[in-house]
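**Student:** What follows is a single structure, and I will ask about it in a moment.
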Amino acid sequence: MVKTIFSVDDNDTNLIKIEDALGEHYNVITLSSGASMFKLIEKITPDLILLDIRMPEMDGFEAMEKLKSRKEYQSIPVIFLTATNDTDVETQGFKLGAVDFINKPFSDAVLLNRVQLHLNLNGLIRERTAQLERAYHSLIFVLSDLVENRDENTGGHIERTVEYIKLLVYEMIAQKIYYDELILWDMEVVPPCAMLHDIGKINVSDTILNKPDKLTESEYDIMKTHVIMGANIIDKVIERTGEDMFLKTAKLFAEFHHENWDGSGYPHGLKGENIPIHGRLMAIADVYDALVTERPYKEAFTHEAAVDIIMSESGKRFDPLIVKTFYNIQAKFDELHKAQPQKGHYFQIRS
């Protein structure tokens with residue numbers, strides 16, 4: 001597939017020279033301003049951008065800042081075109097995220113070689129990133145499966161809760177709820193991190209984990225430790241491998257999914273939006289699946305009963321805006337649950 005390059009420059013002579021140098025090898029789209037680039041980029045995503053620095057209205061640095069502020073454009077390599085050899089200019093450009101500078105006037109051969117270099121390098125980076133993501137997903141699956149196999153009552157729970165979170169997030173983005181935060185999520189990476197939300201159960205004894213009756217108060221206190229245990233396990237991995245966004249995200253799901261909107265939850269007693277949104281989303285996904293799944297000592301709640309319980313906890317246990325979103329798409333939750341196998345997930349609702 002022919003790669004697309006945006007060439008952005010207010011000088012027509014430069015645009016013609018760039019198109020002559022690259023047009024035989026790439027789909028070159030010439031643009032006379034940063035504003036015109038942002039209009040087109042909504043429709044066409046380029047593989048690389050050649051960006052002039054000195055332009056009226058919006059210069060190259062301003063255009064670069066705007067590009068990097070949008071997650072969907074952050075991975076596009078940008079090469080600055082400049083007529084100056086000022087090291088301060090280059091320093092500023094690299095700080096903003098440029099991959100290279102090409103000085104004007106440039107030869108066709110230099111321009112073509114530098115463009116080829118960065119396109120090939122960007123492709124390699126994307127391939128390696130995809131490999132890492134596959135490795136992360138495999139690690140998550142193995143660890144979460146280890147927890148699920150210990151707990152005889154959680155068949156399918158982990159996979160279903162991830163799918164519930166995806167349903168909620170996509171709907172919340174569509175409805176502009178917590179939009180500024182959620183639009184930055186990589187949906188191929190963030191929701192799967194929720195599979196580790198119960199990783200701390202590895203440290204809970206089988207006697208408590210698989211007890212066929214409701215837990216006593218002391219047993220429940222032990223069960224509650226799985227939240228901090230999970231956070232500690234992930235912290236130990238971070239200490240050995242270095243801070244990583246994937247691991248930090250998994251920790252948010254693990255540590256905060258039993259906090260309550262009104263501050264009555266655990267382990268920190270956080271309240272309202274002080275609870276990371278990962279925990280607030282996980283809380284509803286976790287409880288819904290617990291309610292509609294059969295337990296060893298009781299029948300499953302109907303979908304309608306589970307919805308009523310969650311609605312009644314709006315503003316108390318759960319974030320009201322997320323509850324509203326849940327209610328709007330409750331039928332999708334029901335369809336998803338019926339379509340996947342389930343054995344029962346132990347969950348003790350606090351009075």
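All residue names refer to the structure tokens as shown: chains lettered A, B, ... in order, residues numbered from 1 in each chain, ligands numbered from 1 in order.
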Excluding Thr225 of chain A and residues on its chain fewer than 2 positions from it, collect all residues at most 9 Å away from it, counting only C-alpha atoms, and give them as a ChimeraX atom specification.
**Tutor:** /A:200-201,203-204,220-223,227-230,267
**Student:** Contacts of segment 273-276 of chain A at 12 Å or less, counting only C-alpha atoms, minus same-chain residues fewer than 4 places along, as number ranges by chain?
**Tutor:** A: 178, 181-182, 248-269, 280-283, 315, 317-322
**Student:** Write to file, as a short mmCIF file (atom, residue, chain, number, x, y, z; two decimals), in the first residue's frame, the residues of the selection just made, with C-alpha atoms.
**Tutor:**
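That gives us out.cif:
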```cif
data_model
loop_
_atom_site.label_atom_id
_atom_site.label_comp_id
_atom_site.auth_asym_id
_atom_site.auth_seq_id
_atom_site.Cartn_x
_atom_site.Cartn_y
_atom_site.Cartn_z
CA TYR A 178 -15.94 11.95 31.31
CA GLU A 181 -10.31 11.32 30.14
CA LEU A 182 -11.82 8.37 28.33
CA LYS A 248 -0.05 1.24 36.44
CA THR A 249 -3.44 0.86 34.76
CA ALA A 250 -3.85 -2.72 35.99
CA LYS A 251 -3.10 -1.49 39.51
CA LEU A 252 -5.89 1.11 39.28
CA PHE A 253 -8.44 -1.61 38.51
CA ALA A 254 -7.09 -3.87 41.25
CA GLU A 255 -6.80 -1.30 44.03
CA PHE A 256 -9.93 0.79 43.61
CA HIS A 257 -12.77 -1.46 42.40
CA HIS A 258 -14.28 -1.78 45.90
CA GLU A 259 -14.32 1.95 46.69
CA ASN A 260 -17.82 3.43 46.94
CA TRP A 261 -19.02 6.75 45.54
CA ASP A 262 -20.26 7.84 48.99
CA GLY A 263 -16.96 7.01 50.69
CA SER A 264 -18.14 3.83 52.43
CA GLY A 265 -15.96 1.44 50.43
CA TYR A 266 -12.49 0.01 50.95
CA PRO A 267 -9.51 -0.04 51.22
CA HIS A 268 -9.06 3.76 51.31
CA GLY A 269 -12.58 5.09 51.83
CA ARG A 280 -15.77 3.27 39.36
CA LEU A 281 -16.25 1.40 36.09
CA MET A 282 -15.03 -1.89 37.52
CA ALA A 283 -17.40 -1.58 40.49
CA GLY A 315 -24.91 8.04 44.32
CA ARG A 317 -22.16 2.70 45.96
CA PHE A 318 -21.83 3.81 42.34
CA ASP A 319 -21.03 6.91 40.28
CA PRO A 320 -24.42 8.33 39.18
CA LEU A 321 -23.20 9.17 35.67
CA ILE A 322 -21.89 5.66 35.10
#
```
**Student:** Pull the strand (DSSP E) assignments for segment 93-263 of chain A out of DSSP run on the backbone, and list those residues as a list in words.
**Tutor:**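 Residues of segment 93-263 of chain A classed as strand (DSSP E): Asp100, Phe101, Ile102 and Asn103 of chain A.
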**Student:** What is the atom CA of Gly279 of chain A to atom CA of His197 of chain A distance in Å?
**Tutor:**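 Separating atom CA of Gly279 of chain A from atom CA of His197 of chain A is a distance of 9.2 Å.
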**Student:** One decimal, Å: what's the distance from atom CA of Val110 of chain A over to atom CA of Glu62 of chain A, could you say?
**Tutor:**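 According to the coordinates, atom CA of Val110 of chain A and atom CA of Glu62 of chain A are separated by 25.9 Å.
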**Student:** Find, counting only C-alpha atoms, the residue in A:Ile183, A:Leu167, A:Val2, A:Ile79 that gets nearest to Leu48 of chain A.
**Tutor:**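 Going through A:Ile183, A:Leu167, A:Val2, A:Ile79 one by one, the smallest distance to Leu48 of chain A is for A:Ile79.
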**Student:** One decimal, Å: what's the distance from atom CA of Leu50 of chain A over to atom CA of Glu127 of chain A, could you say?
**Tutor:**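 It comes out at 22.7 Å.
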**Student:** Let me make sure I understand: among A:Leu40, A:Asp289, A:Lys324, A:Glu19, which one has the smallest atom-to-atom distance to His157 of chain A if we use only C-alpha atoms?
**Tutor:**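 Result for the nearest residue to His157 of chain A: A:Asp289.
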**Student:** Per DSSP on the backbone, what are the helix (DSSP H, G or I) residues of segment 139-302 of chain A, as a PyMOL selection string?
**Tutor:** chain A and resi 139-150+157-174+179-182+190-196+199-203+206-209+217-224+226-241+245-256+272-274+277-292
**Student:** Would you kindly return, as JSON, numbers by chain, each protein, DNA or RNA residue with an atom no farther than 12 Å from any atom of Ile329 of chain A, considering only C-alpha atoms and excluding same-chain residues fewer than 5 positions away?
**Tutor:** {"A": [164, 165, 166, 167, 168, 169, 170, 171, 172, 175, 307, 322, 323, 324, 334, 335, 336]}
**Student:** From the set A:Lys214, A:His118, A:Lys39, A:His278, which residue has the shortest atom-to-atom contact distance to Ser75 of chain A, counting only C-alpha atoms?
**Tutor:**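 Looking at the shortest contact to Ser75 of chain A, the residue is A:His118.
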**Student:** List as a list of chain:residue names the protein and nucleic acid residues near segment 93-101 of chain A, meaning an atom at most 9 Å away when only C-alpha atoms are counted, but skip any in the same chain fewer than 4 places from it.
**Tutor:**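 Answer for this query is A:Gly60, A:Phe61, A:Met64, A:Glu65, A:Lys68, A:Gln74, A:Pro77, A:Val78, A:Ile79, A:Phe80, A:Leu81, A:Thr82, A:Asp88, A:Val89, A:Arg114, A:His118.
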